[in-house]
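Peer 1: Structure: structure-v5.txt, compact mmCIF, C-alpha atoms and all ligand atoms.
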```txt
# COMPACT_ATOMS: atom_id res chain seq x y z
CA MET A 142 -42.32 13.91 -24.13
CA GLN A 143 -38.71 14.92 -23.86
CA GLU A 144 -36.23 12.58 -25.57
CA LEU A 145 -34.00 10.82 -23.05
CA SER A 146 -30.32 11.40 -23.67
CA PRO A 147 -28.33 8.21 -24.24
CA ILE A 148 -26.07 7.09 -21.37
CA PRO A 149 -23.01 5.35 -22.81
CA LEU A 150 -21.12 2.59 -20.97
CA VAL A 151 -18.16 5.00 -20.78
CA ASP A 152 -17.98 8.61 -21.96
CA LEU A 153 -14.47 9.33 -23.16
CA LYS A 154 -15.42 12.65 -24.75
CA ALA A 155 -16.79 14.07 -21.49
CA GLN A 156 -13.45 13.37 -19.82
CA TYR A 157 -11.52 14.86 -22.74
CA GLN A 158 -13.55 18.07 -22.47
CA SER A 159 -12.72 18.33 -18.79
CA ILE A 160 -8.94 18.37 -19.45
CA GLN A 161 -8.92 19.63 -23.04
CA SER A 162 -6.47 22.55 -22.87
CA ASP A 163 -3.97 20.72 -20.61
CA VAL A 164 -3.91 17.58 -22.70
CA GLU A 165 -3.71 19.47 -25.98
CA ASN A 166 -0.78 21.50 -24.65
CA ALA A 167 1.02 18.35 -23.51
CA VAL A 168 0.55 16.62 -26.86
CA THR A 169 1.52 19.75 -28.82
CA ASN A 170 4.68 20.11 -26.75
CA ALA A 171 5.62 16.50 -27.43
CA MET A 172 5.04 16.90 -31.15
CA ARG A 173 7.08 20.10 -31.27
CA ARG A 174 9.94 18.50 -29.36
CA GLY A 175 10.04 15.66 -31.87
CA ASP A 176 11.22 12.89 -29.52
CA TYR A 177 8.47 10.57 -30.70
CA ILE A 178 9.95 7.23 -29.56
CA LEU A 179 10.97 6.80 -25.89
CA GLY A 180 10.97 10.58 -25.44
CA GLN A 181 10.86 12.85 -22.41
CA ASP A 182 7.19 12.19 -21.61
CA VAL A 183 7.77 8.42 -21.51
CA LYS A 184 10.59 8.84 -18.97
CA GLU A 185 8.50 11.20 -16.90
CA PHE A 186 5.46 8.93 -17.02
CA GLU A 187 7.43 5.81 -16.10
CA SER A 188 8.85 7.57 -13.07
CA LYS A 189 5.49 9.00 -11.94
CA PHE A 190 3.55 5.82 -12.60
CA ALA A 191 6.07 3.73 -10.62
CA ASP A 192 5.63 6.18 -7.71
CA TYR A 193 1.88 6.01 -8.07
CA CYS A 194 1.97 2.20 -7.88
CA GLN A 195 4.42 2.31 -4.95
CA THR A 196 7.07 0.42 -6.92
CA LYS A 197 10.64 1.27 -7.89
CA TYR A 198 10.32 0.86 -11.66
CA ALA A 199 7.84 1.11 -14.51
CA VAL A 200 8.38 0.17 -18.15
CA GLY A 201 6.04 1.58 -20.79
CA CYS A 202 5.00 -0.69 -23.64
CA ALA A 203 2.54 -0.86 -26.52
CA SER A 204 -0.52 -2.42 -24.82
CA GLY A 205 -1.76 -4.34 -21.81
CA THR A 206 -1.51 -7.57 -23.76
CA ASP A 207 2.14 -6.81 -24.46
CA ALA A 208 2.67 -5.88 -20.80
CA ILE A 209 1.62 -9.42 -19.82
CA HIS A 210 3.74 -10.93 -22.57
CA LEU A 211 6.78 -8.82 -21.63
CA ALA A 212 6.40 -9.56 -17.91
CA CYS A 213 6.28 -13.30 -18.61
CA ARG A 214 9.28 -13.11 -20.94
CA ALA A 215 11.31 -11.15 -18.38
CA ALA A 216 10.37 -13.75 -15.75
CA GLY A 217 11.93 -16.38 -18.01
CA ILE A 218 8.60 -18.03 -18.81
CA GLY A 219 8.41 -19.89 -22.10
CA PRO A 220 7.68 -23.25 -23.76
CA GLY A 221 7.34 -26.08 -21.22
CA ASP A 222 6.28 -23.73 -18.40
CA GLU A 223 2.82 -23.30 -16.92
CA VAL A 224 1.09 -20.17 -15.66
CA ILE A 225 -2.08 -20.31 -13.55
CA VAL A 226 -4.79 -17.95 -14.80
CA PRO A 227 -8.43 -17.46 -13.75
CA ALA A 228 -10.97 -19.03 -16.13
CA PHE A 229 -13.08 -15.86 -16.02
CA THR A 230 -11.24 -12.77 -17.32
CA PHE A 231 -10.73 -10.76 -20.49
CA ILE A 232 -9.01 -13.04 -22.98
CA ALA A 233 -5.83 -10.92 -23.12
CA THR A 234 -4.73 -12.32 -19.74
CA ALA A 235 -4.40 -15.75 -21.33
CA LEU A 236 -3.12 -14.42 -24.68
CA GLY A 237 -0.19 -12.64 -23.04
CA VAL A 238 0.88 -15.96 -21.51
CA SER A 239 0.29 -18.00 -24.68
CA LEU A 240 2.41 -15.60 -26.74
CA THR A 241 5.46 -16.78 -24.76
CA GLY A 242 4.76 -20.41 -25.67
CA ALA A 243 3.94 -21.28 -22.05
CA LYS A 244 0.81 -23.25 -21.13
CA VAL A 245 -2.22 -21.52 -19.64
CA VAL A 246 -3.63 -23.49 -16.67
CA LEU A 247 -7.10 -22.36 -15.62
CA VAL A 248 -8.70 -22.24 -12.18
CA ASP A 249 -12.26 -21.25 -11.31
CA VAL A 250 -13.25 -17.93 -9.70
CA ASP A 251 -15.02 -16.80 -6.55
CA ASP A 252 -18.81 -16.68 -6.68
CA ASP A 253 -19.12 -13.38 -4.78
CA THR A 254 -16.36 -11.34 -6.45
CA SER A 255 -15.47 -12.99 -9.80
CA LEU A 256 -11.80 -13.00 -8.68
CA MET A 257 -9.49 -16.01 -8.98
CA ASP A 258 -10.35 -18.60 -6.31
CA LEU A 259 -7.03 -18.89 -4.49
CA ASP A 260 -8.18 -22.02 -2.64
CA GLN A 261 -8.15 -23.81 -5.99
CA VAL A 262 -4.71 -22.66 -7.08
CA GLU A 263 -2.81 -25.24 -5.02
CA GLN A 264 -4.42 -28.18 -6.85
CA ALA A 265 -3.42 -26.65 -10.19
CA ILE A 266 0.30 -26.41 -9.33
CA THR A 267 2.63 -28.88 -11.08
CA PRO A 268 6.44 -29.08 -11.31
CA GLN A 269 6.12 -26.97 -14.49
CA THR A 270 4.27 -24.10 -12.79
CA LYS A 271 6.31 -20.87 -12.88
CA ALA A 272 3.80 -18.19 -11.95
CA ILE A 273 0.35 -17.33 -10.67
CA MET A 274 -1.43 -14.61 -12.63
CA PRO A 275 -4.22 -13.06 -10.55
CA VAL A 276 -6.50 -10.59 -12.34
CA HIS A 277 -7.81 -7.62 -10.36
CA LEU A 278 -11.04 -7.84 -12.31
CA TYR A 279 -13.51 -4.93 -12.34
CA GLY A 280 -10.98 -2.90 -10.31
CA GLN A 281 -10.80 -5.02 -7.17
CA CYS A 282 -7.55 -6.55 -5.85
CA VAL A 283 -7.16 -10.27 -5.31
CA SER A 284 -6.15 -10.98 -1.68
CA ALA A 285 -2.51 -9.91 -1.35
CA SER A 286 -1.78 -11.90 1.81
CA LYS A 287 -3.16 -15.17 0.43
CA LEU A 288 -1.31 -14.65 -2.86
CA LYS A 289 2.01 -14.07 -1.12
CA ASP A 290 1.54 -17.12 1.11
CA LEU A 291 0.86 -19.31 -1.91
CA ALA A 292 3.78 -17.94 -3.91
CA ASN A 293 6.22 -18.30 -1.01
CA LYS A 294 5.08 -21.80 -0.14
CA HIS A 295 5.51 -23.08 -3.72
CA ASN A 296 8.31 -20.78 -4.85
CA LEU A 297 6.26 -19.23 -7.65
CA MET A 298 6.24 -15.76 -9.13
CA ILE A 299 3.18 -13.53 -8.95
CA ILE A 300 2.46 -11.60 -12.14
CA GLU A 301 -0.58 -9.38 -11.66
CA ASP A 302 -2.96 -8.47 -14.45
CA ALA A 303 -3.85 -5.03 -13.11
CA ALA A 304 -5.27 -3.79 -16.43
CA GLN A 305 -8.55 -2.83 -14.73
CA ALA A 306 -7.14 -1.71 -11.39
CA HIS A 307 -5.04 1.50 -11.66
CA GLY A 308 -4.99 2.88 -8.13
CA ALA A 309 -6.86 0.03 -6.47
CA SER A 310 -5.52 -1.22 -3.17
CA ALA A 311 -5.69 -4.49 -1.29
CA PRO A 312 -7.21 -4.54 2.21
CA THR A 313 -3.64 -4.93 3.52
CA GLY A 314 -2.70 -1.64 1.86
CA GLU A 315 -0.66 -2.69 -1.19
CA ARG A 316 -1.41 -0.90 -4.45
CA ALA A 317 -2.48 -3.01 -7.43
CA GLY A 318 0.64 -3.97 -9.38
CA SER A 319 2.91 -3.86 -6.31
CA ILE A 320 1.66 -7.06 -4.66
CA GLY A 321 3.64 -9.50 -6.77
CA ASP A 322 6.92 -9.56 -8.69
CA LEU A 323 5.48 -7.83 -11.75
CA GLY A 324 2.29 -5.81 -12.29
CA CYS A 325 0.81 -5.37 -15.77
CA PHE A 326 -1.32 -2.39 -16.82
CA SER A 327 -3.25 -1.39 -19.93
CA PHE A 328 -3.93 2.18 -21.00
CA TYR A 329 -6.60 1.23 -23.53
CA PRO A 330 -8.82 4.36 -23.76
CA GLY A 331 -11.67 2.95 -21.67
CA LYS A 332 -9.52 1.89 -18.69
CA ASN A 333 -9.50 3.95 -15.46
CA LEU A 334 -6.28 5.51 -16.77
CA GLY A 335 -6.59 5.52 -20.56
CA ALA A 336 -4.48 6.93 -23.38
CA TYR A 337 -5.85 8.17 -26.73
CA GLY A 338 -4.79 4.97 -28.40
CA ASP A 339 -3.12 1.79 -27.16
CA GLY A 340 -0.54 1.68 -24.39
CA GLY A 341 0.60 -0.41 -21.45
CA ALA A 342 3.16 -0.65 -18.64
CA ILE A 343 4.70 -3.12 -16.24
CA VAL A 344 5.74 -2.13 -12.71
CA THR A 345 8.24 -3.96 -10.50
CA ASN A 346 10.63 -3.55 -7.57
CA ASN A 347 13.13 -5.96 -9.12
CA GLN A 348 16.01 -4.29 -10.97
CA ASP A 349 16.95 -7.36 -13.01
CA LEU A 350 13.39 -7.83 -14.27
CA TYR A 351 13.22 -4.10 -15.01
CA GLU A 352 16.38 -4.15 -17.12
CA GLU A 353 15.27 -7.30 -18.93
CA MET A 354 11.99 -5.62 -19.89
CA LEU A 355 13.80 -2.51 -21.17
CA LEU A 356 15.74 -4.83 -23.42
CA ILE A 357 12.85 -6.99 -24.65
CA ARG A 358 10.55 -4.06 -25.50
CA ASN A 359 13.26 -2.52 -27.69
CA TRP A 360 14.18 -5.37 -30.12
CA GLY A 361 16.47 -6.87 -27.49
CA SER A 362 18.75 -3.88 -27.82
CA ARG A 363 20.43 -1.59 -25.30
CA ILE A 364 22.99 -0.17 -27.71
CA LYS A 365 21.88 0.76 -31.23
CA TYR A 366 22.23 -2.17 -33.68
CA VAL A 367 23.51 -4.49 -30.94
CA HIS A 368 20.88 -7.14 -30.16
CA ASP A 369 21.14 -9.45 -27.16
CA CYS A 370 17.84 -11.36 -27.37
CA VAL A 371 14.87 -11.91 -29.67
CA GLY A 372 12.91 -8.89 -28.48
CA LEU A 373 9.76 -7.11 -29.57
CA ASN A 374 8.96 -3.65 -30.77
CA SER A 375 6.65 -2.72 -27.92
CA ARG A 376 7.00 0.81 -26.64
CA LEU A 377 4.70 3.41 -25.20
CA ASP A 378 4.48 6.31 -27.69
CA THR A 379 5.75 9.67 -26.43
CA VAL A 380 2.48 11.31 -27.50
CA GLN A 381 0.45 8.77 -25.51
CA ALA A 382 2.75 9.26 -22.51
CA ALA A 383 2.03 13.01 -22.73
CA VAL A 384 -1.70 12.23 -22.51
CA LEU A 385 -1.10 9.88 -19.57
CA ASN A 386 1.05 12.42 -17.69
CA THR A 387 -1.81 14.90 -17.91
CA LYS A 388 -4.39 12.34 -16.83
CA LEU A 389 -2.44 10.70 -14.00
CA LYS A 390 -2.86 13.86 -11.90
CA HIS A 391 -6.63 13.34 -11.97
CA LEU A 392 -6.74 9.58 -11.47
CA ASP A 393 -7.37 9.51 -7.71
CA GLN A 394 -10.16 12.06 -8.05
CA TRP A 395 -11.70 10.08 -10.93
CA ASN A 396 -11.50 6.82 -9.00
CA LEU A 397 -13.21 8.55 -6.06
CA LYS A 398 -16.05 9.60 -8.38
CA ARG A 399 -16.43 6.02 -9.62
CA ARG A 400 -16.67 4.88 -6.01
CA GLU A 401 -19.38 7.45 -5.26
CA HIS A 402 -21.40 6.36 -8.29
CA ALA A 403 -21.03 2.74 -7.25
CA GLN A 404 -22.35 3.56 -3.79
CA ARG A 405 -25.37 5.30 -5.33
CA TYR A 406 -26.03 2.26 -7.50
CA ASP A 407 -25.66 0.05 -4.42
CA GLN A 408 -28.36 2.06 -2.64
CA PHE A 409 -30.77 1.81 -5.57
CA LEU A 410 -30.18 -1.86 -6.12
CA ALA A 411 -30.12 -3.26 -2.59
CA ASN A 412 -32.43 -6.27 -2.29
CA LYS A 413 -33.83 -6.03 -5.82
CA GLN A 414 -35.37 -9.37 -6.60
CA GLY A 415 -33.71 -11.41 -9.33
CA ILE A 416 -30.55 -9.28 -9.28
CA ARG A 417 -27.36 -10.28 -7.55
CA GLN A 418 -24.82 -7.63 -6.55
CA THR A 419 -21.08 -8.16 -6.83
CA LYS A 420 -19.04 -7.94 -3.65
CA TYR A 421 -16.49 -5.10 -3.91
CA ASP A 422 -14.16 -4.07 -1.08
CA ASP A 423 -13.24 -0.51 -0.06
CA GLY A 424 -10.04 -0.48 -2.11
CA SER A 425 -11.88 -1.16 -5.40
CA VAL A 426 -11.70 1.41 -8.18
CA TYR A 427 -14.81 0.17 -10.01
CA HIS A 428 -13.48 -0.16 -13.52
CA LEU A 429 -16.82 -1.89 -14.07
CA TYR A 430 -19.98 -2.07 -11.99
CA VAL A 431 -21.26 -5.58 -12.50
CA LEU A 432 -24.49 -7.33 -11.53
CA ARG A 433 -25.86 -10.78 -12.27
CA SER A 434 -29.30 -12.02 -13.23
CA GLU A 435 -30.85 -15.12 -14.73
CA ASN A 436 -32.99 -12.65 -16.74
CA ARG A 437 -30.00 -10.83 -18.18
CA GLU A 438 -31.27 -10.62 -21.76
CA GLU A 439 -34.60 -9.11 -20.70
CA ILE A 440 -32.91 -6.59 -18.41
CA LEU A 441 -30.42 -5.55 -21.09
CA LYS A 442 -33.27 -5.11 -23.59
CA LYS A 443 -35.11 -2.78 -21.19
CA LEU A 444 -31.96 -0.80 -20.42
CA HIS A 445 -31.09 -0.45 -24.09
CA GLU A 446 -34.66 0.68 -24.91
CA ALA A 447 -34.14 3.42 -22.33
CA LYS A 448 -30.84 4.26 -24.10
CA ILE A 449 -28.75 3.04 -21.19
CA MET A 450 -25.86 1.24 -22.81
CA ALA A 451 -25.24 -1.56 -20.35
CA GLY A 452 -22.75 -4.24 -21.47
CA ILE A 453 -21.48 -7.73 -20.69
CA HIS A 454 -18.00 -8.32 -19.23
CA TYR A 455 -17.58 -11.07 -20.26
CA PRO A 456 -19.98 -13.33 -22.18
CA ARG A 457 -17.55 -16.28 -22.27
CA ALA A 458 -15.04 -17.83 -19.90
CA ILE A 459 -11.57 -18.52 -21.33
CA HIS A 460 -12.20 -22.23 -21.98
CA GLN A 461 -15.42 -21.37 -23.85
CA HIS A 462 -13.57 -19.49 -26.59
CA LYS A 463 -12.73 -21.24 -29.85
CA ALA A 464 -9.23 -19.77 -29.43
CA TYR A 465 -8.68 -21.98 -26.38
CA GLN A 466 -10.44 -25.23 -27.33
CA TRP A 467 -7.01 -26.79 -27.74
CA LEU A 468 -6.37 -26.55 -24.00
CA GLY A 469 -8.79 -29.48 -23.73
CA TYR A 470 -11.08 -28.16 -20.98
CA THR A 471 -14.75 -29.12 -21.12
CA GLU A 472 -18.03 -27.31 -20.48
CA GLY A 473 -18.94 -27.63 -16.81
CA GLN A 474 -15.34 -27.77 -15.64
CA PHE A 475 -15.39 -24.21 -14.25
CA PRO A 476 -18.99 -23.83 -13.14
CA ILE A 477 -18.61 -20.49 -11.33
CA SER A 478 -16.82 -18.89 -14.28
CA GLU A 479 -19.49 -20.23 -16.61
CA SER A 480 -22.21 -18.85 -14.41
CA TRP A 481 -20.59 -15.39 -14.37
CA ALA A 482 -20.35 -15.50 -18.16
CA ARG A 483 -24.01 -16.52 -18.48
CA THR A 484 -25.52 -13.98 -16.05
CA CYS A 485 -23.27 -10.92 -15.64
CA PHE A 486 -23.98 -7.45 -17.01
CA SER A 487 -22.31 -4.06 -16.48
CA LEU A 488 -24.00 -0.73 -15.80
CA PRO A 489 -22.51 2.49 -17.16
CA ILE A 490 -19.79 3.77 -14.84
CA TYR A 491 -17.30 6.58 -15.42
CA PRO A 492 -16.30 9.62 -13.37
CA GLU A 493 -18.54 12.02 -15.32
CA LEU A 494 -21.64 9.80 -15.08
CA PRO A 495 -24.62 12.11 -14.39
CA GLU A 496 -26.62 11.48 -11.20
CA GLU A 497 -29.78 11.43 -13.31
CA ALA A 498 -28.45 8.35 -15.14
CA ILE A 499 -28.19 6.42 -11.88
CA HIS A 500 -31.83 7.27 -11.07
CA ARG A 501 -32.94 6.14 -14.52
CA VAL A 502 -31.14 2.83 -14.14
CA GLY A 503 -32.58 2.37 -10.65
CA GLU A 504 -36.13 2.89 -11.95
CA ILE A 505 -35.77 0.40 -14.76
CA LEU A 506 -34.28 -2.30 -12.60
C1 LIG B 1 -7.79 -4.46 -21.18
C2 LIG B 1 -7.29 -5.69 -20.54
C3 LIG B 1 -6.13 -6.33 -21.00
C4 LIG B 1 -5.43 -5.99 -22.28
O1 LIG B 1 -5.07 -4.70 -22.46
P1 LIG B 1 -4.87 -4.12 -23.95
O2 LIG B 1 -4.19 -2.83 -23.67
O3 LIG B 1 -6.24 -3.94 -24.52
O4 LIG B 1 -4.04 -5.06 -24.71
C5 LIG B 1 -5.66 -7.42 -20.27
N1 LIG B 1 -6.31 -7.88 -19.21
C6 LIG B 1 -7.44 -7.31 -18.75
C7 LIG B 1 -8.11 -7.87 -17.53
C8 LIG B 1 -7.98 -6.21 -19.42
O5 LIG B 1 -9.12 -5.66 -18.98
```
Write out the structure in this file as structure tokens.

Peer 2:
Amino acid sequence: MQELSPIPLVDLKAQYQSIQSDVENAVTNAMRRGDYILGQDVKEFESKFADYCQTKYAVGCASGTDAIHLACRAAGIGPGDEVIVPAFTFIATALGVSLTGAKVVLVDVDDDTSLMDLDQVEQAITPQTKAIMPVHLYGQCVSASKLKDLANKHNLMIIEDAAQAHGASAPTGERAGSIGDLGCFSFYPGKNLGAYGDGGAIVTNNQDLYEEMLLIRNWGSRIKYVHDCVGLNSRLDTVQAAVLNTKLKHLDQWNLKRREHAQRYDQFLANKQGIRQTKYDDGSVYHLYVLRSENREEILKKLHEAKIMAGIHYPRAIHQHKAYQWLGYTEGQFPISESWARTCFSLPIYPELPEEAIHRVGEIL
């Protein structure tokens, strides 16, 4: 019998091979130019990425976690303030807030989509609340119209965690990152737009916030050796920006491919007993293709035996991590988040995913 080839959760090498000469030229040019920190490629990428997100400004930084931290800092969020965050997300959403000294306030998520349940946000608002931080989890936008209504009514900022949603759009047309006051992105290699190392960016239409972020990411300095605030060293490397400039041209095409694969999965998985599909809307960019089952462990075992590297995003809700015990939440307090954490699993999805892999997954499930 022929050995089955392994299907990884994401295949970064396949994508590299598809753009190899372009990306190597871009990186070589950057290295030859020698402007390694805040060089030409960073400027070019910030301008193109802002356009792509339909915002006026973009600020490159060192990671998605830093993007969230920087956005909060620029928004004036710090000790004594509260930020409302979904209980089910990658932990960096909460970490970015905690790094400012502000308090993370959790709300449960929607049972069909895994996105922040906006109907629960109102009850979580206190006089200390400064911002709502929706997460466009798995590549699907949180409702832009509901978010704006909430923020306007309570005079709160919206800071989007769009780390999984490059190019996604809300049903009302807004691009991920442009819905709120600030939109945070990660260019971790496995993201829809990924660098060859760490990287991040924040987009905004607000000039004051933009200028504040330029300052904070660069040791609080606009003029060399003149420091106006306690800033960070958090910049996007020129070499990584060169990679991102090459890749940004392909992003829409790659997102389209993800969508096609997701539709194929949908067809194979419709009405499979014991498996629950996640509701995605048409603007989703399918950073992850996620299902739920009470028999998750058994299903994962079968998939792994067939060399299909399915994963779990994520096995714990925020309040279930040791890192956040001190917030004082208890088990059972966010039942929908806990149920996602207990039952969710992710099938391989990436633009270069072979059709044959989708068939294999369909057969096993
Ligand atoms: C990846 C990710 C982050 C953090 O990005 P890094 O670049 O890895 O620091 C934040 N939030 C979400 C939802 C993510 O998926």

Peer 1: Which residue, A:Phe186, A:Tyr430, A:Phe229, A:Trp395, has the smallest gap to ligand LIG 1 (chain B) when you use all atoms listed in the file?

Peer 2: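 For ligand LIG 1 (chain B), the nearest of the given residues is A:Phe229.
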
Peer 1: Hey, which residues come within 7 Å of ligand LIG 1 (chain B) if we count only C-alpha atoms and all ligand atoms? Could you give them as a tab-separated table (two decimals) with C-alpha atoms, in the coordinates of the input?

Peer 2:
```tsv
chain	number	residue	atom	x	y	z
A	204	SER	CA	-0.52	-2.42	-24.82
A	205	GLY	CA	-1.76	-4.34	-21.81
A	206	THR	CA	-1.51	-7.57	-23.76
A	207	ASP	CA	2.14	-6.81	-24.46
A	230	THR	CA	-11.24	-12.77	-17.32
A	231	PHE	CA	-10.73	-10.76	-20.49
A	232	ILE	CA	-9.01	-13.04	-22.98
A	233	ALA	CA	-5.83	-10.92	-23.12
A	234	THR	CA	-4.73	-12.32	-19.74
A	276	VAL	CA	-6.50	-10.59	-12.34
A	278	LEU	CA	-11.04	-7.84	-12.31
A	302	ASP	CA	-2.96	-8.47	-14.45
A	303	ALA	CA	-3.85	-5.03	-13.11
A	304	ALA	CA	-5.27	-3.79	-16.43
A	305	GLN	CA	-8.55	-2.83	-14.73
A	327	SER	CA	-3.25	-1.39	-19.93
A	328	PHE	CA	-3.93	2.18	-21.00
A	329	TYR	CA	-6.60	1.23	-23.53
A	339	ASP	CA	-3.12	1.79	-27.16
A	340	GLY	CA	-0.54	1.68	-24.39
A	341	GLY	CA	0.60	-0.41	-21.45
```

Peer 1: Distance cut-off 12 Å, centre (15.9, -7.6, -19.2) in file coordinates, counting only C-alpha atoms: which residues qualify? Return them as a PyMOL selection string.

Peer 2: chain A and resi 200+211-217+347-363+369-372

Peer 1: For each of A:Ile416, A:Val380, A:Ile490, A:Ile320, take the minimum atom-to-atom distance to A:Glu401, counting all atoms listed in the file, then give the residue where this is smallest.

Peer 2: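 Nearest to A:Glu401: A:Ile490.
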
Peer 1: Name the residues in contact with stretch 283-299 of chain A at a cut-off of 10 Å, using only C-alpha atoms, excluding same-chain residues fewer than 4 positions from it; report them as a ChimeraX atom specification.

Peer 2: /A:213,216,224-225,254-260,262-263,266-268,270-278,303,310-324

Peer 1: Could you tell me which of A:Ala447, A:Lys388, A:Gly331, A:Tyr337 comes closest to A:Leu150 if we count all atoms listed in the file?

Peer 2: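 The closest residue to A:Leu150 is A:Gly331.
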
Peer 1: Which residues, written as number ranges by chain, have at least one atom at most 12 Å from A:Glu497, with all atoms listed in the file counted and residues fewer than 5 positions away on the same chain left out?

Peer 2: A: 145-148, 402, 405-406, 449, 502-504

Peer 1: Which value, in Å to one decimal, gives the distance between atom CA of A:Thr241 and atom CA of A:Ala208?

Peer 2: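 We find that atom CA of A:Thr241 and atom CA of A:Ala208 lie 11.9 Å from each other.
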
Peer 1: Could I get stretch 327-348 of chain A from the block written out with C-alpha atoms, as a tab-separated table (two decimals), in the first residue's frame?

Peer 2:
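Contents of selection_35.tsv, as written:
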```tsv
chain	number	residue	atom	x	y	z
A	327	SER	CA	0.01	39.82	13.89
A	328	PHE	CA	2.36	38.62	11.17
A	329	TYR	CA	3.36	35.45	13.01
A	330	PRO	CA	4.38	33.03	10.21
A	331	GLY	CA	1.19	30.94	10.35
A	332	LYS	CA	-1.24	33.87	10.06
A	333	ASN	CA	-3.05	34.60	6.76
A	334	LEU	CA	-0.36	37.22	6.14
A	335	GLY	CA	2.77	35.92	7.85
A	336	ALA	CA	6.38	37.10	8.00
A	337	TYR	CA	9.42	34.80	8.34
A	338	GLY	CA	9.68	35.63	12.01
A	339	ASP	CA	7.64	37.79	14.36
A	340	GLY	CA	5.92	41.02	13.35
A	341	GLY	CA	2.78	43.05	13.92
A	342	ALA	CA	0.98	46.27	13.00
A	343	ILE	CA	-1.77	48.57	14.20
A	344	VAL	CA	-4.04	50.43	11.76
A	345	THR	CA	-6.08	53.55	12.53
A	346	ASN	CA	-7.74	56.60	10.96
A	347	ASN	CA	-6.84	58.76	13.95
A	348	GLN	CA	-3.73	60.92	13.47
```
